[in-house]
file protein15.pdb (PDB, C-alpha atoms, pLDDT in the B column)
ATOM      1  CA  MET A   1     112.543  92.550 103.057  1.00 53.00           C
ATOM      2  CA  GLU A   2     112.618  94.435 106.383  1.00 53.00           C
ATOM      3  CA  ASN A   3     112.949  97.666 104.408  1.00 70.00           C
ATOM      4  CA  LEU A   4     109.579  96.930 102.773  1.00 69.00           C
ATOM      5  CA  ILE A   5     107.613  96.949 106.036  1.00 73.00           C
ATOM      6  CA  GLY A   6     105.169  99.821 105.837  1.00 81.00           C
ATOM      7  CA  VAL A   7     105.909 100.296 102.117  1.00 87.00           C
ATOM      8  CA  GLY A   8     103.969  97.459 100.490  1.00 90.00           C
ATOM      9  CA  LEU A   9     105.132  95.234  97.659  1.00 92.00           C
ATOM     10  CA  TYR A  10     103.263  94.463  94.436  1.00 95.00           C
ATOM     11  CA  THR A  11     104.226  93.044  91.064  1.00 95.00           C
ATOM     12  CA  PRO A  12     102.538  94.764  88.101  1.00 96.00           C
ATOM     13  CA  ALA A  13     100.244  91.728  87.872  1.00 95.00           C
ATOM     14  CA  GLU A  14      99.217  92.020  91.534  1.00 95.00           C
ATOM     15  CA  ALA A  15      98.745  95.769  91.287  1.00 96.00           C
ATOM     16  CA  GLY A  16      96.863  95.425  88.010  1.00 95.00           C
ATOM     17  CA  ARG A  17      94.495  92.906  89.564  1.00 95.00           C
ATOM     18  CA  LEU A  18      93.650  95.311  92.386  1.00 95.00           C
ATOM     19  CA  LEU A  19      93.357  98.380  90.175  1.00 95.00           C
ATOM     20  CA  ALA A  20      91.850  96.835  87.028  1.00 93.00           C
ATOM     21  CA  ILE A  21      94.758  98.286  85.041  1.00 94.00           C
ATOM     22  CA  ALA A  22      96.758  96.252  82.533  1.00 94.00           C
ATOM     23  CA  PRO A  23     100.061  95.148  84.122  1.00 95.00           C
ATOM     24  CA  GLY A  24     101.940  96.150  80.976  1.00 94.00           C
ATOM     25  CA  LYS A  25     100.603  99.689  81.277  1.00 94.00           C
ATOM     26  CA  LEU A  26     101.766  99.926  84.900  1.00 95.00           C
ATOM     27  CA  ALA A  27     105.217  98.669  83.911  1.00 94.00           C
ATOM     28  CA  ARG A  28     105.443 101.267  81.134  1.00 92.00           C
ATOM     29  CA  TRP A  29     104.444 104.058  83.503  1.00 93.00           C
ATOM     30  CA  LEU A  30     107.208 103.114  85.942  1.00 92.00           C
ATOM     31  CA  ARG A  31     109.895 101.973  83.528  1.00 91.00           C
ATOM     32  CA  GLY A  32     109.275 104.284  80.562  1.00 84.00           C
ATOM     33  CA  HIS A  33     108.924 103.068  76.984  1.00 79.00           C
ATOM     34  CA  HIS A  34     109.467 103.803  73.305  1.00 78.00           C
ATOM     35  CA  VAL A  35     106.958 104.255  70.506  1.00 79.00           C
ATOM     36  CA  GLY A  36     108.954 104.252  67.282  1.00 74.00           C
ATOM     37  CA  GLU A  37     111.744 106.755  67.817  1.00 79.00           C
ATOM     38  CA  GLN A  38     109.791 108.622  70.503  1.00 81.00           C
ATOM     39  CA  GLU A  39     111.005 107.958  74.046  1.00 83.00           C
ATOM     40  CA  TYR A  40     108.654 108.338  77.003  1.00 81.00           C
ATOM     41  CA  ALA A  41     110.252 108.715  80.423  1.00 84.00           C
ATOM     42  CA  PRO A  42     108.705 107.034  83.485  1.00 87.00           C
ATOM     43  CA  LEU A  43     105.793 108.958  84.976  1.00 89.00           C
ATOM     44  CA  TRP A  44     107.491 108.602  88.361  1.00 91.00           C
ATOM     45  CA  LYS A  45     110.142 106.472  90.058  1.00 90.00           C
ATOM     46  CA  SER A  46     108.938 103.391  91.906  1.00 92.00           C
ATOM     47  CA  GLN A  47     109.321 103.130  95.663  1.00 91.00           C
ATOM     48  CA  ILE A  48     110.719  99.625  95.187  1.00 91.00           C
ATOM     49  CA  ASP A  49     114.042  98.666  93.611  1.00 86.00           C
ATOM     50  CA  LEU A  50     115.115  95.082  94.311  1.00 86.00           C
ATOM     51  CA  ASP A  51     117.936  95.408  91.777  1.00 83.00           C
ATOM     52  CA  ASN A  52     116.813  92.374  89.776  1.00 88.00           C
ATOM     53  CA  GLY A  53     115.608  94.067  86.605  1.00 83.00           C
ATOM     54  CA  HIS A  54     111.915  93.698  87.432  1.00 92.00           C
ATOM     55  CA  VAL A  55     109.328  96.390  88.110  1.00 94.00           C
ATOM     56  CA  TYR A  56     107.603  96.484  91.499  1.00 95.00           C
ATOM     57  CA  LEU A  57     105.197  98.919  93.102  1.00 96.00           C
ATOM     58  CA  GLY A  58     104.887 100.144  96.670  1.00 95.00           C
ATOM     59  CA  PHE A  59     101.634 101.302  98.239  1.00 96.00           C
ATOM     60  CA  ARG A  60     102.203 104.940  97.237  1.00 95.00           C
ATOM     61  CA  ASP A  61     102.887 103.777  93.670  1.00 96.00           C
ATOM     62  CA  LEU A  62      99.619 101.838  93.801  1.00 95.00           C
ATOM     63  CA  MET A  63      97.713 104.964  94.852  1.00 94.00           C
ATOM     64  CA  GLU A  64      99.537 107.118  92.289  1.00 93.00           C
ATOM     65  CA  ALA A  65      98.680 104.683  89.499  1.00 95.00           C
ATOM     66  CA  ARG A  66      95.063 104.542  90.631  1.00 91.00           C
ATOM     67  CA  ILE A  67      94.644 108.294  90.302  1.00 88.00           C
ATOM     68  CA  ALA A  68      96.671 108.604  87.088  1.00 90.00           C
ATOM     69  CA  ASP A  69      94.427 105.974  85.536  1.00 90.00           C
ATOM     70  CA  LYS A  70      91.266 107.710  86.741  1.00 84.00           C
ATOM     71  CA  PHE A  71      92.422 111.015  85.274  1.00 83.00           C
ATOM     72  CA  MET A  72      93.064 109.345  81.918  1.00 86.00           C
ATOM     73  CA  ARG A  73      89.657 107.664  82.037  1.00 84.00           C
ATOM     74  CA  CYS A  74      88.166 111.134  82.611  1.00 79.00           C
ATOM     75  CA  GLY A  75      89.747 112.248  79.351  1.00 82.00           C
ATOM     76  CA  VAL A  76      92.994 113.804  80.549  1.00 82.00           C
ATOM     77  CA  SER A  77      95.817 112.781  78.208  1.00 83.00           C
ATOM     78  CA  SER A  78      98.858 110.923  79.502  1.00 83.00           C
ATOM     79  CA  ARG A  79     100.950 113.866  78.343  1.00 83.00           C
ATOM     80  CA  ARG A  80      98.991 116.233  80.576  1.00 84.00           C
ATOM     81  CA  VAL A  81      99.123 113.816  83.505  1.00 87.00           C
ATOM     82  CA  ARG A  82     102.908 113.635  83.082  1.00 88.00           C
ATOM     83  CA  ALA A  83     103.126 117.429  83.025  1.00 87.00           C
ATOM     84  CA  ALA A  84     100.864 117.730  86.079  1.00 87.00           C
ATOM     85  CA  ILE A  85     103.061 115.352  88.056  1.00 90.00           C
ATOM     86  CA  GLN A  86     106.181 117.343  87.219  1.00 90.00           C
ATOM     87  CA  ILE A  87     104.588 120.680  88.106  1.00 89.00           C
ATOM     88  CA  ALA A  88     102.975 119.406  91.297  1.00 89.00           C
ATOM     89  CA  ARG A  89     106.255 117.920  92.535  1.00 89.00           C
ATOM     90  CA  GLU A  90     107.701 121.408  92.549  1.00 87.00           C
ATOM     91  CA  ILE A  91     104.655 122.959  94.205  1.00 85.00           C
ATOM     92  CA  ILE A  92     104.071 120.524  97.065  1.00 84.00           C
ATOM     93  CA  GLY A  93     107.448 118.776  97.277  1.00 85.00           C
ATOM     94  CA  ASP A  94     106.156 115.217  96.955  1.00 88.00           C
ATOM     95  CA  GLU A  95     107.560 112.686  94.469  1.00 88.00           C
ATOM     96  CA  ARG A  96     104.118 111.086  94.090  1.00 91.00           C
ATOM     97  CA  PRO A  97     101.794 114.092  94.169  1.00 90.00           C
ATOM     98  CA  LEU A  98      98.802 112.472  92.452  1.00 88.00           C
ATOM     99  CA  SER A  99      98.399 110.090  95.381  1.00 88.00           C
ATOM    100  CA  THR A 100      97.900 112.938  97.857  1.00 89.00           C
ATOM    101  CA  ASP A 101      94.436 114.264  98.727  1.00 85.00           C
ATOM    102  CA  ARG A 102      94.899 117.506  96.808  1.00 85.00           C
ATOM    103  CA  PHE A 103      93.853 116.763  93.229  1.00 81.00           C
ATOM    104  CA  ARG A 104      90.766 117.341  91.101  1.00 77.00           C
ATOM    105  CA  THR A 105      90.030 117.158  87.371  1.00 75.00           C
ATOM    106  CA  ASP A 106      87.302 118.424  85.047  1.00 74.00           C
ATOM    107  CA  GLY A 107      88.193 115.948  82.284  1.00 73.00           C
ATOM    108  CA  ARG A 108      90.523 118.356  80.538  1.00 76.00           C
ATOM    109  CA  ASP A 109      92.775 120.017  83.088  1.00 80.00           C
ATOM    110  CA  ILE A 110      94.167 118.929  86.422  1.00 83.00           C
ATOM    111  CA  PHE A 111      93.819 121.129  89.487  1.00 85.00           C
ATOM    112  CA  LEU A 112      95.801 121.175  92.716  1.00 85.00           C
ATOM    113  CA  ARG A 113      93.854 122.044  95.846  1.00 83.00           C
ATOM    114  CA  VAL A 114      95.597 124.826  97.752  1.00 79.00           C
ATOM    115  CA  ALA A 115      94.928 127.068 100.732  1.00 74.00           C
ATOM    116  CA  GLU A 116      95.278 130.801 100.303  1.00 69.00           C
ATOM    117  CA  THR A 117      94.894 133.750 102.669  1.00 68.00           C
ATOM    118  CA  ASP A 118      92.666 136.571 101.414  1.00 65.00           C
ATOM    119  CA  GLU A 119      93.031 140.308 102.034  1.00 70.00           C
ATOM    120  CA  HIS A 120      91.203 139.950 105.368  1.00 73.00           C
ATOM    121  CA  GLY A 121      93.639 137.342 106.635  1.00 70.00           C
ATOM    122  CA  GLU A 122      91.114 134.515 106.300  1.00 73.00           C
ATOM    123  CA  GLU A 123      92.221 131.212 104.818  1.00 70.00           C
ATOM    124  CA  ARG A 124      90.127 129.694 102.066  1.00 72.00           C
ATOM    125  CA  GLU A 125      90.506 126.793  99.716  1.00 73.00           C
ATOM    126  CA  GLY A 126      91.150 127.308  96.013  1.00 77.00           C
ATOM    127  CA  LEU A 127      92.096 125.243  93.000  1.00 80.00           C
ATOM    128  CA  LEU A 128      95.288 125.950  91.098  1.00 82.00           C
ATOM    129  CA  ASN A 129      95.158 124.954  87.439  1.00 85.00           C
ATOM    130  CA  LEU A 130      98.486 123.202  86.918  1.00 84.00           C
ATOM    131  CA  PHE A 131      98.610 124.127  83.243  1.00 81.00           C
ATOM    132  CA  ARG A 132      97.339 127.690  83.257  1.00 77.00           C
ATOM    133  CA  ARG A 133      98.877 128.447  86.665  1.00 68.00           C
ATOM    134  CA  GLN A 134      95.821 130.383  87.778  1.00 68.00           C
ATOM    135  CA  TYR A 135      93.384 129.948  90.649  1.00 64.00           C
ATOM    136  CA  GLU A 136      89.849 128.653  90.192  1.00 63.00           C
ATOM    137  CA  PHE A 137      87.493 129.124  93.143  1.00 55.00           C
ATOM    138  CA  LYS A 138      84.738 126.703  92.289  1.00 51.00           C
ATOM    139  CA  GLN A 139      84.395 123.012  92.898  1.00 47.00           C
ATOM    140  CA  ILE A 140      85.369 121.012  89.791  1.00 49.00           C
ATOM    141  CA  ILE A 141      84.256 117.529  90.831  1.00 50.00           C
ATOM    142  CA  GLU A 142      83.818 115.549  94.015  1.00 57.00           C
ATOM    143  CA  PRO A 143      87.038 114.186  95.529  1.00 53.00           C
ATOM    144  CA  LEU A 144      88.261 111.037  93.817  1.00 61.00           C
ATOM    145  CA  LEU A 145      89.738 109.583  96.947  1.00 71.00           C
ATOM    146  CA  LYS A 146      86.809 108.887  99.264  1.00 82.00           C
ATOM    147  CA  SER A 147      87.948 105.314  99.870  1.00 89.00           C
ATOM    148  CA  VAL A 148      91.439 106.360 101.001  1.00 93.00           C
ATOM    149  CA  ASP A 149      92.614 107.417 104.471  1.00 94.00           C
ATOM    150  CA  PHE A 150      95.195 110.205 104.558  1.00 93.00           C
ATOM    151  CA  ASP A 151      97.601 111.330 107.244  1.00 92.00           C
ATOM    152  CA  ASP A 152      97.880 114.934 108.444  1.00 90.00           C
ATOM    153  CA  LYS A 153     100.252 115.710 105.556  1.00 86.00           C
ATOM    154  CA  GLY A 154      97.775 114.552 102.936  1.00 87.00           C
ATOM    155  CA  ALA A 155      99.630 111.313 102.122  1.00 90.00           C
ATOM    156  CA  PRO A 156      97.633 108.074 101.764  1.00 93.00           C
ATOM    157  CA  PHE A 157      98.162 105.310 104.308  1.00 94.00           C
ATOM    158  CA  GLN A 158      95.140 103.012 103.870  1.00 96.00           C
ATOM    159  CA  TRP A 159      92.817 102.118 101.009  1.00 96.00           C
ATOM    160  CA  TRP A 160      89.385 100.488 101.237  1.00 96.00           C
ATOM    161  CA  PRO A 161      89.193  98.960  97.733  1.00 94.00           C
ATOM    162  CA  ALA A 162      85.610  97.678  98.028  1.00 93.00           C
ATOM    163  CA  GLY A 163      84.354 100.625 100.087  1.00 91.00           C
ATOM    164  CA  ARG A 164      84.505 101.034 103.835  1.00 91.00           C
ATOM    165  CA  ARG A 165      81.434  98.891 104.518  1.00 91.00           C
ATOM    166  CA  ALA A 166      83.139  95.819 103.072  1.00 93.00           C
ATOM    167  CA  SER A 167      85.732  96.013 105.878  1.00 95.00           C
ATOM    168  CA  ILE A 168      88.569  95.023 103.543  1.00 97.00           C
ATOM    169  CA  VAL A 169      91.636  97.216 103.652  1.00 98.00           C
ATOM    170  CA  VAL A 170      94.953  97.582 101.855  1.00 97.00           C
ATOM    171  CA  ASP A 171      97.457  98.754 104.454  1.00 96.00           C
ATOM    172  CA  PRO A 172     101.210  98.741 103.655  1.00 94.00           C
ATOM    173  CA  GLY A 173     101.931  98.165 107.328  1.00 92.00           C
ATOM    174  CA  ARG A 174     100.139  94.804 107.316  1.00 92.00           C
ATOM    175  CA  SER A 175     100.761  91.742 105.114  1.00 91.00           C
ATOM    176  CA  PHE A 176     103.014  93.822 102.819  1.00 88.00           C
ATOM    177  CA  GLY A 177      99.959  95.705 101.593  1.00 94.00           C
ATOM    178  CA  GLN A 178      97.907  92.727 100.429  1.00 95.00           C
ATOM    179  CA  PRO A 179      94.112  93.063 100.886  1.00 97.00           C
ATOM    180  CA  ILE A 180      93.128  91.881 104.350  1.00 98.00           C
ATOM    181  CA  ASP A 181      90.076  91.543 106.544  1.00 97.00           C
ATOM    182  CA  ALA A 182      90.271  94.816 108.475  1.00 95.00           C
ATOM    183  CA  SER A 183      89.331  93.405 111.874  1.00 92.00           C
ATOM    184  CA  THR A 184      91.570  90.310 111.875  1.00 94.00           C
ATOM    185  CA  SER A 185      94.337  91.165 109.358  1.00 95.00           C
ATOM    186  CA  VAL A 186      93.936  87.815 107.574  1.00 97.00           C
ATOM    187  CA  PRO A 187      94.555  88.213 103.809  1.00 97.00           C
ATOM    188  CA  THR A 188      91.395  87.956 101.737  1.00 98.00           C
ATOM    189  CA  ALA A 189      93.128  85.619  99.282  1.00 97.00           C
ATOM    190  CA  VAL A 190      93.879  83.165 102.096  1.00 97.00           C
ATOM    191  CA  LEU A 191      90.301  83.235 103.384  1.00 98.00           C
ATOM    192  CA  ALA A 192      88.853  82.853  99.904  1.00 98.00           C
ATOM    193  CA  VAL A 193      91.035  79.852  99.042  1.00 97.00           C
ATOM    194  CA  ALA A 194      90.148  78.156 102.337  1.00 98.00           C
ATOM    195  CA  ALA A 195      86.428  78.836 101.885  1.00 98.00           C
ATOM    196  CA  ASN A 196      86.367  77.600  98.307  1.00 96.00           C
ATOM    197  CA  ARG A 197      88.180  74.456  99.330  1.00 97.00           C
ATOM    198  CA  ASP A 198      86.597  73.629 102.712  1.00 97.00           C
ATOM    199  CA  GLY A 199      83.509  75.830 102.995  1.00 97.00           C
ATOM    200  CA  VAL A 200      82.857  79.138 104.720  1.00 97.00           C
ATOM    201  CA  GLU A 201      82.160  77.718 108.178  1.00 97.00           C
ATOM    202  CA  THR A 202      85.299  75.567 108.249  1.00 97.00           C
ATOM    203  CA  ALA A 203      87.458  78.462 107.013  1.00 97.00           C
ATOM    204  CA  ALA A 204      86.048  80.746 109.690  1.00 97.00           C
ATOM    205  CA  VAL A 205      86.901  78.252 112.419  1.00 97.00           C
ATOM    206  CA  ALA A 206      90.380  77.561 111.009  1.00 97.00           C
ATOM    207  CA  PHE A 207      91.355  81.230 110.956  1.00 97.00           C
ATOM    208  CA  ASP A 208      89.279  82.284 113.969  1.00 96.00           C
ATOM    209  CA  VAL A 209      87.381  84.939 112.046  1.00 96.00           C
ATOM    210  CA  PRO A 210      83.642  85.622 111.710  1.00 96.00           C
ATOM    211  CA  GLU A 211      81.857  83.883 108.857  1.00 97.00           C
ATOM    212  CA  THR A 212      80.861  87.314 107.538  1.00 96.00           C
ATOM    213  CA  SER A 213      84.562  88.127 107.103  1.00 96.00           C
ATOM    214  CA  VAL A 214      85.052  84.958 105.073  1.00 97.00           C
ATOM    215  CA  ARG A 215      82.045  85.686 102.872  1.00 97.00           C
ATOM    216  CA  ARG A 216      83.236  89.234 102.239  1.00 96.00           C
ATOM    217  CA  ALA A 217      86.684  87.927 101.328  1.00 97.00           C
ATOM    218  CA  VAL A 218      85.201  85.393  98.900  1.00 97.00           C
ATOM    219  CA  GLU A 219      83.045  88.068  97.251  1.00 97.00           C
ATOM    220  CA  PHE A 220      85.962  90.494  97.029  1.00 97.00           C
ATOM    221  CA  GLU A 221      88.343  87.988  95.456  1.00 97.00           C
ATOM    222  CA  ALA A 222      85.641  86.793  93.058  1.00 96.00           C
ATOM    223  CA  GLU A 223      84.998  90.382  91.961  1.00 95.00           C
ATOM    224  CA  LEU A 224      88.710  90.857  91.250  1.00 94.00           C
ATOM    225  CA  GLU A 225      88.659  87.756  89.068  1.00 91.00           C
ATOM    226  CA  ARG A 226      85.526  88.931  87.248  1.00 90.00           C
ATOM    227  CA  ARG A 227      87.179  92.256  86.457  1.00 85.00           C
ATOM    228  CA  LEU A 228      90.229  90.465  85.086  1.00 79.00           C
ATOM    229  CA  ALA A 229      88.049  88.316  82.857  1.00 78.00           C
ATOM    230  CA  ALA A 230      86.001  91.265  81.554  1.00 71.00           C
TER     231      ALA A 230
END

call {"tool": "encode", "arguments": {"input": "protein15.pdb", "output": "structure tokens"}}
result
Amino acid sequence: MENLIGVGLYTPAEAGRLLAIAPGKLARWLRGHHVGEQEYAPLWKSQIDLDNGHVYLGFRDLMEARIADKFMRCGVSSRRVRAAIQIAREIIGDERPLSTDRFRTDGRDIFLRVAETDEHGEEREGLLNLFRRQYEFKQIIEPLLKSVDFDDKGAPFQWWPAGRRASIVVDPGRSFGQPIDASTSVPTAVLAVAANRDGVETAAVAFDVPETSVRRAVEFEAELERRLAA
């Protein structure tokens, strides 16, 4: 388990609950699957292999799945997402390129944000169409990853699943990547269970956190359950 510190650990059910994606779909993306005689390879290899035959996700897998799902919801086919991942791996040298801060989509194609130097030696940002392999110099859509913090290499390291104002963060370096109250690091699931059982005030005292943190945790966990039931 020491090797999982800073990586995060999620079952497909846990990841699906956070992402509002069917656990079976996540498992198929990471394990591959068959439809009739047609074989579909995994979209990418999971960060986690506990050698027990089960599928697990790390934090980068969670972020990769989040963006893959959003692309598909925008109308990009799974086949094109698969192709984009393969092409982008070669371009930026990252096994999980969709989870970086460099992607855009217009609902049909997927674009990789790149920096290029013009004839005057000035650097400007462009968009490389991963299927046509040509540059587009106009904004396609707003960044999809506003609720994610990235390091200086463009890799994600924190996610604010309910928005930054909710002060709930998913950080693989804390609580194995489970959602936590950002200021105290207490898991939201723990606070919500305590509040539902003993009341908000008692839970706040027991865990030495502000009552507002407990209320936010209760609302967050309740919203996850509502999404599952929808």

call {"tool": "resolve_selection", "arguments": {"input": "protein15.pdb", "expression": "the PyMOL selection byres ((chain A and resi 70) around 12)", "output": "VMD selection string"}}
result
chain A and resid 19 to 21 63 to 69 71 to 78 81 98 to 99 103 to 107 110 143 to 145

call {"tool": "resolve_selection", "arguments": {"input": "protein15.pdb", "expression": "the PyMOL selection byres ((chain A and resi 56) around 8)", "output": "ChimeraX atom specification"}}
result
/A:9-12,46,48-49,54-55,57-58

call {"tool": "closest_residue", "arguments": {"input": "protein15.pdb", "among": "A:Ala230, A:Leu224, A:Ala182, A:Val114", "to": "Arg17 of chain A", "atoms": "all atoms listed in the file"}}
result
A:Leu224

call {"tool": "closest_residue", "arguments": {"input": "protein15.pdb", "among": "A:Trp159, A:Ile180, A:Ile85, A:Asp152", "to": "Arg216 of chain A", "atoms": "only C-alpha atoms"}}
result
A:Ile180

call {"tool": "residues_around", "arguments": {"input": "protein15.pdb", "residues": "Arg102 of chain A", "least_positions_apart": "6", "cutoff": "8 Å", "atoms": "all atoms listed in the file", "output": "number ranges by chain"}}
result
A: 112-114, 154

call {"tool": "resolve_selection", "arguments": {"input": "protein15.pdb", "expression": "the PyMOL selection byres ((chain A and resi 222) around 12)", "output": "list of chain:residue names"}}
result
A:Arg17, A:Leu18, A:Ala162, A:Thr188, A:Ala189, A:Leu191, A:Ala192, A:Val193, A:Ala195, A:Asn196, A:Arg215, A:Arg216, A:Ala217, A:Val218, A:Glu219, A:Phe220, A:Glu221, A:Glu223, A:Leu224, A:Glu225, A:Arg226, A:Arg227, A:Leu228, A:Ala229

call {"tool": "build_atoms", "arguments": {"input": "protein15.pdb", "residues": "segment 80-89 of chain A", "atoms": "all heavy atoms", "output": "PDB file, in the frame of the given file"}}
result
ATOM      1  N   ARG A  80      99.359 115.231  79.592  1.00 84.00           N
ATOM      2  CA  ARG A  80      98.991 116.233  80.576  1.00 84.00           C
ATOM      3  C   ARG A  80      99.144 115.698  81.994  1.00 84.00           C
ATOM      4  O   ARG A  80      99.490 116.439  82.917  1.00 84.00           O
ATOM      5  CB  ARG A  80      97.565 116.725  80.312  1.00 84.00           C
ATOM      6  CG  ARG A  80      97.443 117.488  79.004  1.00 84.00           C
ATOM      7  CD  ARG A  80      96.038 117.948  78.737  1.00 84.00           C
ATOM      8  NE  ARG A  80      95.673 119.132  79.489  1.00 84.00           N
ATOM      9  CZ  ARG A  80      96.016 120.372  79.162  1.00 84.00           C
ATOM     10  NH1 ARG A  80      96.757 120.589  78.090  1.00 84.00           N
ATOM     11  NH2 ARG A  80      95.631 121.391  79.884  1.00 84.00           N
ATOM     12  N   VAL A  81      98.893 114.416  82.189  1.00 87.00           N
ATOM     13  CA  VAL A  81      99.123 113.816  83.505  1.00 87.00           C
ATOM     14  C   VAL A  81     100.604 113.887  83.853  1.00 87.00           C
ATOM     15  O   VAL A  81     100.990 114.237  84.977  1.00 87.00           O
ATOM     16  CB  VAL A  81      98.632 112.358  83.541  1.00 87.00           C
ATOM     17  CG1 VAL A  81      99.086 111.669  84.830  1.00 87.00           C
ATOM     18  CG2 VAL A  81      97.108 112.305  83.426  1.00 87.00           C
ATOM     19  N   ARG A  82     101.461 113.568  82.867  1.00 88.00           N
ATOM     20  CA  ARG A  82     102.908 113.635  83.082  1.00 88.00           C
ATOM     21  C   ARG A  82     103.320 115.058  83.470  1.00 88.00           C
ATOM     22  O   ARG A  82     104.084 115.268  84.411  1.00 88.00           O
ATOM     23  CB  ARG A  82     103.638 113.193  81.824  1.00 88.00           C
ATOM     24  CG  ARG A  82     105.166 113.117  81.962  1.00 88.00           C
ATOM     25  CD  ARG A  82     105.808 112.878  80.597  1.00 88.00           C
ATOM     26  NE  ARG A  82     105.236 111.703  79.957  1.00 88.00           N
ATOM     27  CZ  ARG A  82     105.630 110.469  80.188  1.00 88.00           C
ATOM     28  NH1 ARG A  82     106.616 110.249  81.039  1.00 88.00           N
ATOM     29  NH2 ARG A  82     105.072 109.453  79.561  1.00 88.00           N
ATOM     30  N   ALA A  83     102.791 116.031  82.736  1.00 87.00           N
ATOM     31  CA  ALA A  83     103.126 117.429  83.025  1.00 87.00           C
ATOM     32  C   ALA A  83     102.630 117.839  84.406  1.00 87.00           C
ATOM     33  O   ALA A  83     103.325 118.553  85.143  1.00 87.00           O
ATOM     34  CB  ALA A  83     102.536 118.337  81.954  1.00 87.00           C
ATOM     35  N   ALA A  84     101.423 117.387  84.769  1.00 87.00           N
ATOM     36  CA  ALA A  84     100.864 117.730  86.079  1.00 87.00           C
ATOM     37  C   ALA A  84     101.720 117.179  87.207  1.00 87.00           C
ATOM     38  O   ALA A  84     101.944 117.853  88.221  1.00 87.00           O
ATOM     39  CB  ALA A  84      99.440 117.197  86.192  1.00 87.00           C
ATOM     40  N   ILE A  85     102.205 115.952  87.036  1.00 90.00           N
ATOM     41  CA  ILE A  85     103.061 115.352  88.056  1.00 90.00           C
ATOM     42  C   ILE A  85     104.329 116.181  88.241  1.00 90.00           C
ATOM     43  O   ILE A  85     104.749 116.476  89.368  1.00 90.00           O
ATOM     44  CB  ILE A  85     103.410 113.895  87.683  1.00 90.00           C
ATOM     45  CG1 ILE A  85     102.166 113.009  87.776  1.00 90.00           C
ATOM     46  CG2 ILE A  85     104.507 113.345  88.597  1.00 90.00           C
ATOM     47  CD1 ILE A  85     102.375 111.602  87.261  1.00 90.00           C
ATOM     48  N   GLN A  86     104.944 116.570  87.148  1.00 90.00           N
ATOM     49  CA  GLN A  86     106.181 117.343  87.219  1.00 90.00           C
ATOM     50  C   GLN A  86     105.971 118.692  87.888  1.00 90.00           C
ATOM     51  O   GLN A  86     106.761 119.124  88.732  1.00 90.00           O
ATOM     52  CB  GLN A  86     106.757 117.515  85.817  1.00 90.00           C
ATOM     53  CG  GLN A  86     107.235 116.211  85.185  1.00 90.00           C
ATOM     54  CD  GLN A  86     107.617 116.353  83.729  1.00 90.00           C
ATOM     55  OE1 GLN A  86     107.295 117.348  83.069  1.00 90.00           O
ATOM     56  NE2 GLN A  86     108.301 115.357  83.198  1.00 90.00           N
ATOM     57  N   ILE A  87     104.870 119.376  87.517  1.00 89.00           N
ATOM     58  CA  ILE A  87     104.588 120.680  88.106  1.00 89.00           C
ATOM     59  C   ILE A  87     104.258 120.550  89.583  1.00 89.00           C
ATOM     60  O   ILE A  87     104.745 121.319  90.426  1.00 89.00           O
ATOM     61  CB  ILE A  87     103.427 121.357  87.355  1.00 89.00           C
ATOM     62  CG1 ILE A  87     103.824 121.671  85.917  1.00 89.00           C
ATOM     63  CG2 ILE A  87     102.991 122.646  88.062  1.00 89.00           C
ATOM     64  CD1 ILE A  87     102.656 122.084  85.033  1.00 89.00           C
ATOM     65  N   ALA A  88     103.415 119.569  89.915  1.00 89.00           N
ATOM     66  CA  ALA A  88     102.975 119.406  91.297  1.00 89.00           C
ATOM     67  C   ALA A  88     104.121 119.008  92.218  1.00 89.00           C
ATOM     68  O   ALA A  88     104.135 119.380  93.393  1.00 89.00           O
ATOM     69  CB  ALA A  88     101.867 118.365  91.366  1.00 89.00           C
ATOM     70  N   ARG A  89     105.091 118.261  91.723  1.00 89.00           N
ATOM     71  CA  ARG A  89     106.255 117.920  92.535  1.00 89.00           C
ATOM     72  C   ARG A  89     106.927 119.182  93.058  1.00 89.00           C
ATOM     73  O   ARG A  89     107.346 119.265  94.210  1.00 89.00           O
ATOM     74  CB  ARG A  89     107.264 117.122  91.707  1.00 89.00           C
ATOM     75  CG  ARG A  89     106.952 115.661  91.551  1.00 89.00           C
ATOM     76  CD  ARG A  89     107.994 114.995  90.700  1.00 89.00           C
ATOM     77  NE  ARG A  89     107.670 113.602  90.417  1.00 89.00           N
ATOM     78  CZ  ARG A  89     107.999 112.976  89.310  1.00 89.00           C
ATOM     79  NH1 ARG A  89     108.660 113.622  88.353  1.00 89.00           N
ATOM     80  NH2 ARG A  89     107.678 111.717  89.136  1.00 89.00           N
TER      81      ARG A  89
END
